[in-house]
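Quick look at query21.cif (mmCIF, C-alpha atoms):
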```
data_upload
loop_
_atom_site.label_atom_id
_atom_site.label_comp_id
_atom_site.auth_asym_id
_atom_site.auth_seq_id
_atom_site.Cartn_x
_atom_site.Cartn_y
_atom_site.Cartn_z
CA MET A 1 -16.23 31.92 -8.65
CA ALA A 2 -13.49 32.55 -6.04
CA GLU A 3 -16.04 32.14 -3.23
CA ASP A 4 -16.78 28.64 -4.44
CA LEU A 5 -13.09 27.74 -4.30
CA LYS A 6 -12.80 28.59 -0.57
CA ALA A 7 -9.04 28.90 -0.83
CA THR A 8 -6.48 30.07 1.72
CA ILE A 9 -3.63 32.13 0.26
CA LEU A 10 -0.34 33.01 1.96
CA VAL A 11 1.16 36.36 0.94
CA ALA A 12 4.81 36.88 1.95
CA ASP A 13 6.60 40.18 1.30
CA ASP A 14 8.91 42.33 3.43
CA ASN A 15 7.05 45.49 2.32
CA PRO A 16 3.93 45.94 4.53
CA ASP A 17 2.27 48.23 1.96
CA ASN A 18 2.58 45.58 -0.77
CA VAL A 19 1.25 42.90 1.55
CA GLU A 20 -1.77 45.00 2.54
CA LEU A 21 -2.60 45.89 -1.07
CA VAL A 22 -2.52 42.26 -2.20
CA ARG A 23 -4.43 41.17 0.93
CA GLN A 24 -7.26 43.63 0.27
CA VAL A 25 -7.57 42.59 -3.38
CA LEU A 26 -7.66 38.88 -2.62
CA ALA A 27 -9.90 39.22 0.44
CA GLY A 28 -12.29 41.24 -1.68
CA ALA A 29 -12.37 38.35 -4.16
CA GLY A 30 -13.46 35.98 -1.39
CA TYR A 31 -10.18 34.32 -0.43
CA THR A 32 -8.86 33.77 3.09
CA VAL A 33 -5.51 35.57 3.26
CA VAL A 34 -2.60 34.81 5.61
CA THR A 35 0.38 37.20 5.68
CA ALA A 36 4.10 36.97 6.44
CA PHE A 37 6.89 39.56 6.25
CA ASP A 38 10.04 37.46 5.84
CA GLY A 39 11.08 34.00 4.71
CA ASP A 40 11.22 32.39 8.14
CA GLU A 41 7.75 33.63 9.05
CA ALA A 42 6.46 32.43 5.68
CA LEU A 43 7.64 28.88 6.40
CA VAL A 44 5.97 28.98 9.83
CA LYS A 45 2.70 30.10 8.26
CA VAL A 46 2.95 27.33 5.66
CA ALA A 47 3.37 24.77 8.44
CA GLU A 48 0.46 26.21 10.44
CA THR A 49 -2.11 26.86 7.71
CA ASN A 50 -1.23 24.54 4.78
CA PRO A 51 -2.42 27.16 2.25
CA ASP A 52 -3.83 26.46 -1.20
CA LEU A 53 -1.50 29.01 -2.85
CA ILE A 54 1.65 30.86 -1.80
CA ILE A 55 2.52 34.31 -3.18
CA LEU A 56 6.18 35.03 -2.52
CA ASP A 57 8.30 38.12 -2.94
CA VAL A 58 11.73 37.11 -4.21
CA MET A 59 13.77 39.66 -2.26
CA MET A 60 13.13 39.17 1.48
CA PRO A 61 15.45 39.32 4.50
CA GLY A 62 16.68 36.03 5.90
CA LYS A 63 15.48 33.27 3.61
CA ASP A 64 14.59 34.76 0.23
CA GLY A 65 11.68 33.64 -1.91
CA PHE A 66 13.79 31.11 -3.79
CA GLU A 67 14.78 29.33 -0.56
CA VAL A 68 11.23 29.36 0.81
CA CYS A 69 9.93 27.91 -2.45
CA ARG A 70 12.66 25.25 -2.53
CA ARG A 71 11.75 24.06 0.96
CA VAL A 72 8.03 24.04 0.31
CA LYS A 73 8.52 21.93 -2.81
CA LYS A 74 10.89 19.59 -0.97
CA TRP A 75 8.38 18.60 1.71
CA GLU A 76 5.96 15.84 0.82
CA GLN A 77 3.03 17.48 2.64
CA THR A 78 3.41 20.81 0.80
CA ARG A 79 5.02 20.04 -2.55
CA ASN A 80 1.68 20.27 -4.40
CA ILE A 81 0.99 23.82 -3.18
CA PRO A 82 1.44 26.18 -6.16
CA VAL A 83 3.89 29.07 -5.67
CA LEU A 84 3.47 32.41 -7.45
CA MET A 85 6.59 34.57 -7.22
CA LEU A 86 6.52 38.38 -7.32
CA THR A 87 9.75 39.99 -8.44
CA ALA A 88 11.12 43.28 -9.64
CA LEU A 89 13.86 41.34 -11.37
CA GLU A 90 13.48 40.93 -15.11
CA ASP A 91 16.70 38.99 -15.64
CA VAL A 92 15.99 35.63 -17.29
CA ALA A 93 18.55 34.03 -14.97
CA ASP A 94 16.40 34.93 -11.96
CA LYS A 95 13.34 33.33 -13.49
CA VAL A 96 15.39 30.25 -14.28
CA ARG A 97 16.45 30.15 -10.64
CA GLY A 98 12.82 30.44 -9.62
CA ILE A 99 11.83 27.57 -11.89
CA GLU A 100 14.65 25.46 -10.48
CA SER A 101 13.36 26.14 -6.95
CA GLY A 102 9.92 24.91 -8.02
CA ALA A 103 7.94 28.10 -8.71
CA ASP A 104 4.74 27.60 -10.72
CA GLU A 105 4.13 31.18 -11.87
CA PHE A 106 5.84 34.61 -12.02
CA LEU A 107 4.58 38.19 -11.94
CA THR A 108 6.85 41.21 -12.36
CA LYS A 109 6.47 44.21 -10.05
CA PRO A 110 4.65 46.55 -10.10
CA VAL A 111 1.89 43.96 -10.26
CA ASP A 112 -1.29 44.58 -12.18
CA MET A 113 -4.07 43.60 -9.74
CA VAL A 114 -6.41 42.33 -12.44
CA GLU A 115 -3.69 40.05 -13.78
CA LEU A 116 -2.90 38.96 -10.23
CA GLN A 117 -6.49 37.89 -9.61
CA THR A 118 -6.57 36.00 -12.91
CA ARG A 119 -3.33 34.14 -12.17
CA VAL A 120 -4.40 33.38 -8.60
CA LYS A 121 -7.76 32.04 -9.71
CA ALA A 122 -6.11 29.76 -12.31
CA GLN A 123 -3.52 28.42 -9.86
CA VAL A 124 -6.02 27.79 -7.07
CA LYS A 125 -8.39 26.00 -9.41
CA ALA A 126 -5.54 23.87 -10.81
CA LYS A 127 -4.40 23.00 -7.27
CA ILE A 128 -7.90 21.93 -6.23
CA ASN A 129 -8.25 19.83 -9.39
CA ARG A 130 -4.89 18.15 -8.71
CA GLN A 131 -5.90 17.46 -5.13
CA GLN A 132 -9.13 15.84 -6.31
CA VAL A 133 -7.13 13.59 -8.65
CA ILE A 134 -4.73 12.68 -5.82
CA GLU A 135 -7.65 11.83 -3.50
CA LYS A 136 -9.39 9.74 -6.16
CA ASN A 137 -6.17 7.84 -6.89
CA ALA A 138 -5.67 7.23 -3.16
CA LEU A 139 -9.24 5.93 -2.89
CA LEU A 140 -8.70 3.70 -5.94
CA GLU A 141 -5.52 2.28 -4.43
CA LYS A 142 -7.30 1.69 -1.11
CA ILE A 143 -10.11 -0.17 -2.89
CA LEU A 144 -7.72 -2.23 -5.00
CA THR A 145 -5.71 -3.35 -1.98
CA ARG A 146 -8.88 -4.83 -0.52
CA TYR A 147 -8.97 -7.27 -3.43
CA LEU A 148 -5.37 -7.52 -4.63
CA PRO A 149 -2.00 -7.85 -2.88
CA GLU A 150 -0.28 -4.50 -2.23
CA GLU A 151 2.68 -5.48 -4.42
CA VAL A 152 0.35 -6.25 -7.33
CA VAL A 153 -1.52 -2.95 -6.88
CA ALA A 154 1.77 -1.01 -6.90
CA LYS A 155 2.83 -2.67 -10.13
CA VAL A 156 -0.58 -2.16 -11.77
CA LEU A 157 -0.57 1.56 -10.91
CA GLN A 158 2.85 1.84 -12.58
CA ASP A 159 1.93 -0.27 -15.61
CA SER A 160 -1.76 -0.75 -16.48
CA SER A 161 -0.80 -3.32 -19.14
CA LEU A 162 -0.54 -5.80 -16.27
CA LEU A 163 -4.33 -5.77 -16.11
CA LYS A 164 -4.67 -8.38 -18.80
CA LEU A 165 -5.33 -12.09 -18.84
CA GLY A 166 -2.42 -14.50 -18.97
CA GLY A 167 0.66 -15.33 -16.98
CA VAL A 168 4.31 -16.28 -16.92
CA ARG A 169 6.19 -19.29 -15.61
CA ASP A 170 7.86 -18.62 -12.27
CA PHE A 171 9.21 -20.46 -9.23
CA VAL A 172 6.95 -19.99 -6.21
CA THR A 173 6.14 -21.43 -2.81
CA VAL A 174 2.43 -22.00 -2.21
CA LEU A 175 0.69 -22.11 1.17
CA PHE A 176 -2.78 -23.42 2.00
CA ALA A 177 -4.27 -23.02 5.49
CA ASP A 178 -7.58 -24.49 6.59
CA LEU A 179 -9.67 -24.80 9.77
CA THR A 180 -10.10 -28.40 10.87
CA GLY A 181 -13.40 -29.38 12.49
CA PHE A 182 -15.14 -26.48 10.80
CA THR A 183 -18.11 -28.39 9.37
CA THR A 184 -19.11 -29.71 12.78
CA PHE A 185 -18.62 -26.26 14.29
CA ALA A 186 -20.68 -24.51 11.58
CA ASN A 187 -23.56 -26.95 12.08
CA SER A 188 -23.69 -26.27 15.80
CA VAL A 189 -23.76 -22.45 15.99
CA PRO A 190 -25.74 -19.59 14.36
CA PRO A 191 -24.44 -18.29 10.97
CA GLU A 192 -23.52 -14.96 12.55
CA HIS A 193 -21.22 -16.78 14.95
CA VAL A 194 -19.59 -18.63 12.05
CA MET A 195 -18.97 -15.37 10.17
CA GLU A 196 -17.51 -13.70 13.24
CA THR A 197 -15.15 -16.63 13.80
CA LEU A 198 -13.94 -16.60 10.18
CA ASN A 199 -13.40 -12.83 10.18
CA GLN A 200 -11.42 -12.92 13.43
CA THR A 201 -9.30 -15.77 12.11
CA PHE A 202 -8.67 -14.36 8.65
CA SER A 203 -7.85 -10.89 10.01
CA ARG A 204 -4.91 -12.36 11.90
CA LEU A 205 -3.75 -14.84 9.29
CA THR A 206 -3.73 -12.47 6.31
CA LYS A 207 -1.66 -9.92 8.25
CA ILE A 208 0.94 -12.59 8.94
CA ILE A 209 1.10 -13.36 5.20
CA ALA A 210 1.81 -9.71 4.40
CA ASP A 211 4.36 -9.38 7.21
CA ASN A 212 6.34 -12.27 5.69
CA HIS A 213 6.34 -10.91 2.12
CA GLY A 214 3.61 -13.25 0.90
CA THR A 215 0.98 -12.58 -1.75
CA PHE A 216 -2.55 -13.31 -0.58
CA ASP A 217 -4.45 -15.21 -3.26
CA LYS A 218 -7.97 -16.02 -2.10
CA TYR A 219 -10.27 -17.26 0.65
CA LEU A 220 -11.53 -20.80 0.24
CA GLY A 221 -14.53 -21.15 2.54
CA ASP A 222 -12.90 -21.83 5.91
CA GLY A 223 -9.39 -21.68 4.43
CA LEU A 224 -7.08 -19.46 2.43
CA MET A 225 -4.34 -19.61 -0.17
CA ALA A 226 -1.18 -17.53 -0.48
CA PHE A 227 2.05 -17.72 -2.44
CA TYR A 228 5.61 -16.44 -2.18
CA GLY A 229 8.06 -15.42 -4.89
CA ALA A 230 5.69 -13.39 -7.09
CA PRO A 231 5.23 -10.68 -8.09
CA ILE A 232 8.30 -9.90 -5.95
CA ALA A 233 10.81 -12.56 -4.94
CA THR A 234 12.94 -12.50 -1.78
CA ASP A 235 16.13 -14.30 -0.78
CA ASN A 236 14.22 -17.32 0.55
CA ASP A 237 10.52 -17.45 -0.18
CA ALA A 238 10.22 -21.02 1.07
CA LEU A 239 11.52 -19.93 4.47
CA ASN A 240 9.08 -17.01 4.50
CA ALA A 241 6.20 -19.39 3.84
CA ILE A 242 7.27 -21.73 6.65
CA ARG A 243 7.67 -18.77 9.01
CA THR A 244 4.15 -17.70 8.04
CA ALA A 245 2.81 -21.14 8.95
CA VAL A 246 4.54 -21.12 12.34
CA GLU A 247 3.26 -17.63 13.17
CA MET A 248 -0.23 -18.54 11.95
CA ARG A 249 -0.28 -21.55 14.24
CA ALA A 250 0.73 -19.42 17.24
CA ALA A 251 -1.77 -16.68 16.40
CA PHE A 252 -4.60 -19.17 16.03
CA GLN A 253 -3.72 -20.72 19.38
CA GLU A 254 -3.97 -17.26 20.97
CA LEU A 255 -7.40 -16.85 19.40
CA LYS A 256 -8.55 -20.18 20.81
CA GLU A 257 -7.42 -19.12 24.28
CA GLN A 258 -9.49 -15.95 23.92
CA TRP A 259 -12.50 -17.95 22.77
CA ALA A 260 -12.12 -20.24 25.84
CA ASP A 261 -14.58 -23.12 26.01
CA GLY A 262 -17.40 -23.81 23.55
CA PRO A 263 -17.70 -25.10 20.00
CA ARG A 264 -14.75 -23.01 18.77
CA ALA A 265 -12.43 -24.82 21.16
CA GLU A 266 -12.56 -27.85 18.86
CA LEU A 267 -11.28 -25.95 15.82
CA GLY A 268 -7.72 -26.45 14.60
CA LEU A 269 -5.45 -25.03 11.92
CA ALA A 270 -3.82 -27.23 9.26
CA VAL A 271 -1.21 -25.94 6.79
CA GLY A 272 0.32 -27.36 3.62
CA ILE A 273 3.31 -25.79 1.81
CA ASN A 274 5.01 -26.73 -1.45
CA SER A 275 7.53 -25.15 -3.82
CA GLY A 276 7.97 -25.46 -7.56
CA GLU A 277 7.33 -23.93 -10.95
CA ALA A 278 3.87 -22.54 -11.70
CA ILE A 279 2.09 -20.15 -14.03
CA VAL A 280 1.65 -16.78 -12.30
CA GLY A 281 -0.80 -14.21 -13.65
CA ASN A 282 -4.38 -13.15 -14.17
CA VAL A 283 -7.07 -15.81 -14.64
CA GLY A 284 -10.73 -15.15 -15.40
CA SER A 285 -12.33 -12.74 -17.83
CA GLU A 286 -11.67 -9.21 -19.02
CA ARG A 287 -14.39 -8.03 -16.62
CA LEU A 288 -13.34 -9.99 -13.53
CA MET A 289 -9.95 -11.60 -12.99
CA ASN A 290 -7.88 -13.08 -10.20
CA TYR A 291 -4.11 -12.78 -9.76
CA THR A 292 -3.15 -16.34 -8.88
CA VAL A 293 -0.83 -19.31 -9.47
CA ILE A 294 -1.68 -22.50 -11.34
CA GLY A 295 0.25 -25.72 -11.69
CA ASP A 296 1.37 -28.98 -10.15
CA ALA A 297 3.15 -27.22 -7.30
CA VAL A 298 -0.17 -25.68 -6.27
CA ASN A 299 -2.01 -29.00 -6.39
CA ILE A 300 0.59 -30.65 -4.16
CA ALA A 301 0.38 -27.84 -1.59
CA ALA A 302 -3.40 -28.21 -1.49
CA ARG A 303 -3.11 -31.97 -1.02
CA LEU A 304 -0.61 -31.52 1.83
CA GLU A 305 -3.02 -29.21 3.59
CA GLU A 306 -5.82 -31.78 3.22
CA LEU A 307 -3.66 -34.42 4.90
CA ALA A 308 -2.47 -32.18 7.73
CA GLY A 309 -4.12 -32.53 11.11
CA PRO A 310 -4.90 -29.80 13.68
CA GLY A 311 -1.79 -27.74 14.40
CA GLN A 312 0.22 -29.66 11.80
CA VAL A 313 2.35 -28.11 9.04
CA LEU A 314 3.22 -30.40 6.13
CA ILE A 315 5.84 -29.31 3.61
CA GLY A 316 6.98 -30.70 0.29
CA GLU A 317 10.45 -32.07 -0.37
CA THR A 318 11.62 -29.04 -2.37
CA THR A 319 10.40 -26.62 0.29
CA ARG A 320 12.26 -28.58 2.95
CA ALA A 321 15.46 -28.51 0.89
CA LEU A 322 15.22 -24.74 0.29
CA ALA A 323 14.84 -24.00 4.01
CA GLU A 324 16.94 -26.90 5.32
CA ASP A 325 19.43 -24.75 7.24
CA MET A 326 16.68 -23.33 9.45
CA VAL A 327 14.18 -26.18 9.58
CA VAL A 328 13.94 -29.57 11.28
CA ALA A 329 11.29 -31.83 9.75
CA ARG A 330 10.45 -35.51 9.98
CA LYS A 331 9.28 -37.65 7.09
CA PHE A 332 5.49 -37.83 7.10
CA GLY A 333 5.09 -40.30 4.27
CA GLU A 334 4.70 -40.78 0.54
CA ILE A 335 1.59 -39.40 -1.11
CA ASP A 336 0.15 -40.78 -4.31
CA LEU A 337 -1.39 -38.10 -6.51
CA ARG A 338 -3.56 -38.68 -9.54
CA GLY A 339 -1.63 -38.16 -12.77
CA ARG A 340 1.81 -38.59 -11.20
CA SER A 341 3.93 -41.69 -11.79
CA LYS A 342 5.89 -41.25 -8.56
CA PRO A 343 4.60 -40.47 -5.09
CA VAL A 344 5.31 -37.14 -3.39
CA ILE A 345 7.34 -37.20 -0.20
CA ALA A 346 5.81 -35.08 2.57
CA TYR A 347 7.54 -33.83 5.72
CA GLU A 348 6.07 -32.67 8.99
CA LEU A 349 7.58 -29.46 10.37
CA VAL A 350 9.08 -30.07 13.81
CA ARG A 351 10.71 -26.71 14.45
CA LEU A 352 11.78 -23.53 12.70
CA PHE A 353 14.99 -21.99 14.05
CA LYS A 354 16.04 -18.35 13.89
CA PRO A 355 19.41 -17.42 12.36
CA ALA A 356 22.20 -16.76 14.85
#
```
Rewrite the structure of this file - the entire thing - as structure tokens.
Amino acid sequence: MAEDLKATILVADDNPDNVELVRQVLAGAGYTVVTAFDGDEALVKVAETNPDLIILDVMMPGKDGFEVCRRVKKWEQTRNIPVLMLTALEDVADKVRGIESGADEFLTKPVDMVELQTRVKAQVKAKINRQQVIEKNALLEKILTRYLPEEVVAKVLQDSSLLKLGGVRDFVTVLFADLTGFTTFANSVPPEHVMETLNQTFSRLTKIIADNHGTFDKYLGDGLMAFYGAPIATDNDALNAIRTAVEMRAAFQELKEQWADGPRAELGLAVGINSGEAIVGNVGSERLMNYTVIGDAVNIAARLEELAGPGQVLIGETTRALAEDMVVARKFGEIDLRGRSKPVIAYELVRLFKPA
């Protein structure tokens, strides 16, 4: 069974005879054994070999077993390594001290070798099982972040009850970005070229959303949707959204310069941004859902994006007011929307200033 575990075990004791006895027993059971003869050397061997189990004598010169264990459990890279402490001390206070330093198991000297093998086998197996759980959770988180914003994934991993349909009312700023001239471009080049263009564009734009504390919502053909203020709000989500638009516009211009001449040279980027109350939450079915925002504020942002021309950023009146100290914008016009008694005033972003 031990052979299947393929574990490396560090044995640290200032008595060479004790070290050799334990080494022979464990090596005979199929483990790889690393040895150390004081606390400082033990820490070096931990750093060099990253063992699957550490067997520590309590009484060692320099750093004793308690201090070695405390440091190992303090470091993120080694805190999951189980520590088995060997001690001639039977005082309960010493075991309490060992527990406080992070020890996982104790054996009192003189050690029974059969019991040692049993304890070692149990600790190594438990460590490997824990590592498998950690790796699976890391893989799950990696997969989830491909489909959900990182902030949402973090909250879901803390509270699985968030994985349910429904939402709450919240104040958000919504951003839509879309490629202008895309239909003509897509009809003039092979599908593979279209896919490559979209992937290059989206790779840059989605990173900018994350860098400015935005929540990516979804891709919409040749466009995308994001929102700011949920699930985590910042001091000025409207300003973050406008900064995203400005950086997107610059990044897309860099892409066009790399593409040089050809059909892609006719593409442009249009952005619409609006702020207001919306319902934020999961929409869909129990099997497949989307974390998104729904409401009038979203519809206005989408309409602003539709009206924007290449390189143009249109923002709603509320968004302009929220970011007024840092933004200069000119009135674009009044927009009539179905179902609204009054038109919506749209502004064209002229310049975004940085704080002094």
Between A:Thr87, A:Asn129, A:Ser341, A:Ser101, smallest distance to Leu56 of chain A by all atoms listed in the file belongs to A:Thr87
Expected selection from the PyMOL selection byres ((chain A and resi 204-219) around 9), given as a VMD selection string:
chain A and resid 147 to 152 199 to 203 220 to 234 237 240 to 241 243 to 245 247 to 248 251 to 252 290 to 293
Could the residues in this selection be written to a file with C-alpha atoms, as a compact mmCIF listing (two decimals), keeping the file's coordinate frame?
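Saved file result_35.txt follows:
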```txt
# COMPACT_ATOMS: atom_id res chain seq x y z
CA TYR A 147 -8.97 -7.27 -3.43
CA LEU A 148 -5.37 -7.52 -4.63
CA PRO A 149 -2.00 -7.85 -2.88
CA GLU A 150 -0.28 -4.50 -2.23
CA GLU A 151 2.68 -5.48 -4.42
CA VAL A 152 0.35 -6.25 -7.33
CA ASN A 199 -13.40 -12.83 10.18
CA GLN A 200 -11.42 -12.92 13.43
CA THR A 201 -9.30 -15.77 12.11
CA PHE A 202 -8.67 -14.36 8.65
CA SER A 203 -7.85 -10.89 10.01
CA LEU A 220 -11.53 -20.80 0.24
CA GLY A 221 -14.53 -21.15 2.54
CA ASP A 222 -12.90 -21.83 5.91
CA GLY A 223 -9.39 -21.68 4.43
CA LEU A 224 -7.08 -19.46 2.43
CA MET A 225 -4.34 -19.61 -0.17
CA ALA A 226 -1.18 -17.53 -0.48
CA PHE A 227 2.05 -17.72 -2.44
CA TYR A 228 5.61 -16.44 -2.18
CA GLY A 229 8.06 -15.42 -4.89
CA ALA A 230 5.69 -13.39 -7.09
CA PRO A 231 5.23 -10.68 -8.09
CA ILE A 232 8.30 -9.90 -5.95
CA ALA A 233 10.81 -12.56 -4.94
CA THR A 234 12.94 -12.50 -1.78
CA ASP A 237 10.52 -17.45 -0.18
CA ASN A 240 9.08 -17.01 4.50
CA ALA A 241 6.20 -19.39 3.84
CA ARG A 243 7.67 -18.77 9.01
CA THR A 244 4.15 -17.70 8.04
CA ALA A 245 2.81 -21.14 8.95
CA GLU A 247 3.26 -17.63 13.17
CA MET A 248 -0.23 -18.54 11.95
CA ALA A 251 -1.77 -16.68 16.40
CA PHE A 252 -4.60 -19.17 16.03
CA ASN A 290 -7.88 -13.08 -10.20
CA TYR A 291 -4.11 -12.78 -9.76
CA THR A 292 -3.15 -16.34 -8.88
CA VAL A 293 -0.83 -19.31 -9.47
```
Sorted by chain and rising residue number, list the residues of segment 206-271 of chain A at most 8 Å from segment 185-190 of chain A (counting all atoms listed in the file), each with its closest atom pair and distance in Å to one decimal, as CSV.
```
residue,atom,partner,partner_atom,distance
A:Pro263,CA,A:Phe185,CA,5.9
A:Arg264,CA,A:Phe185,CA,6.8
A:Glu266,CA,A:Phe185,CA,7.8
A:Leu267,CA,A:Phe185,CA,7.5
```
Preceding selection exported with C-alpha atoms as a short mmCIF file (atom, residue, chain, number, x, y, z; two decimals), in the coordinates of the input:
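Now in result.cif:
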```
data_model
loop_
_atom_site.label_atom_id
_atom_site.label_comp_id
_atom_site.auth_asym_id
_atom_site.auth_seq_id
_atom_site.Cartn_x
_atom_site.Cartn_y
_atom_site.Cartn_z
CA PRO A 263 -17.70 -25.10 20.00
CA ARG A 264 -14.75 -23.01 18.77
CA GLU A 266 -12.56 -27.85 18.86
CA LEU A 267 -11.28 -25.95 15.82
#
```
Find the residue from A:Val25, A:Leu165, A:Val19, A:Ala47 that sits nearest to Val283 of chain A; use only C-alpha atoms when measuring.
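Residue with the minimum atom-to-atom distance to Val283 of chain A: A:Leu165.
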Nearest residue to Glu41 of chain A out of A:Leu21, A:Phe332, A:Gly28, A:Val68, using all atoms listed in the file?
A:Val68
Would you mind telling me which residue in A:Thr78, A:Thr49, A:Asn15, A:Asn299 lies nearest to Gly272 of chain A when using all atoms listed in the file?
A:Asn299
Residue IDs satisfying the PyMOL selection byres ((chain A and resi 70-72) around 10), as a list in words:
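Matching residues under the PyMOL selection byres ((chain A and resi 70-72) around 10) are Leu43, Val46, Ala47, Ile54, Gly65, Phe66, Glu67, Val68, Cys69, Lys73, Lys74, Trp75, Glu76, Gln77, Thr78, Arg79, Asn80, Ile81, Pro82, Val83, Gly98, Ile99, Glu100, Ser101, Gly102 and Ala103 of chain A.
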Rank A:Ala356, A:Ala7, A:Leu255, A:Ile315 by their smallest atom-to-atom distance to Ala29 of chain A, using all atoms listed in the file, and report the top residue only.
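Selected residue with least distance to Ala29 of chain A: A:Ala7.
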If you count all atoms listed in the file, the residue of A:Ala154, A:Leu86, A:Leu139, A:Leu349 closest to Asp112 of chain A turns out to be A:Leu86
Please list as a list in words every residue within 6 Å of Leu304 of chain A, counting only C-alpha atoms and excluding residues in the same chain fewer than 3 positions away.
Gly272, Ala301, Leu307 and Leu314 of chain A
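Atom CA of Gln24 of chain A lies 15.2 Å from atom CA of Thr118 of chain A.
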Please report the interatomic distance between atom CA of Val22 of chain A and atom CA of Val34 of chain A in Å with one decimal.
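Here the two named atoms are 10.8 Å from each other.
The interatomic distance for the pair atom CA of Val153 of chain A and atom CA of Val246 of chain A works out to 27.1 Å.
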Which residues, written as a PyMOL selection string, have at least one atom at most 6 Å from Leu84 of chain A, with only C-alpha atoms counted and residues fewer than 6 positions away on the same chain left out?
chain A and resi 55+104-106
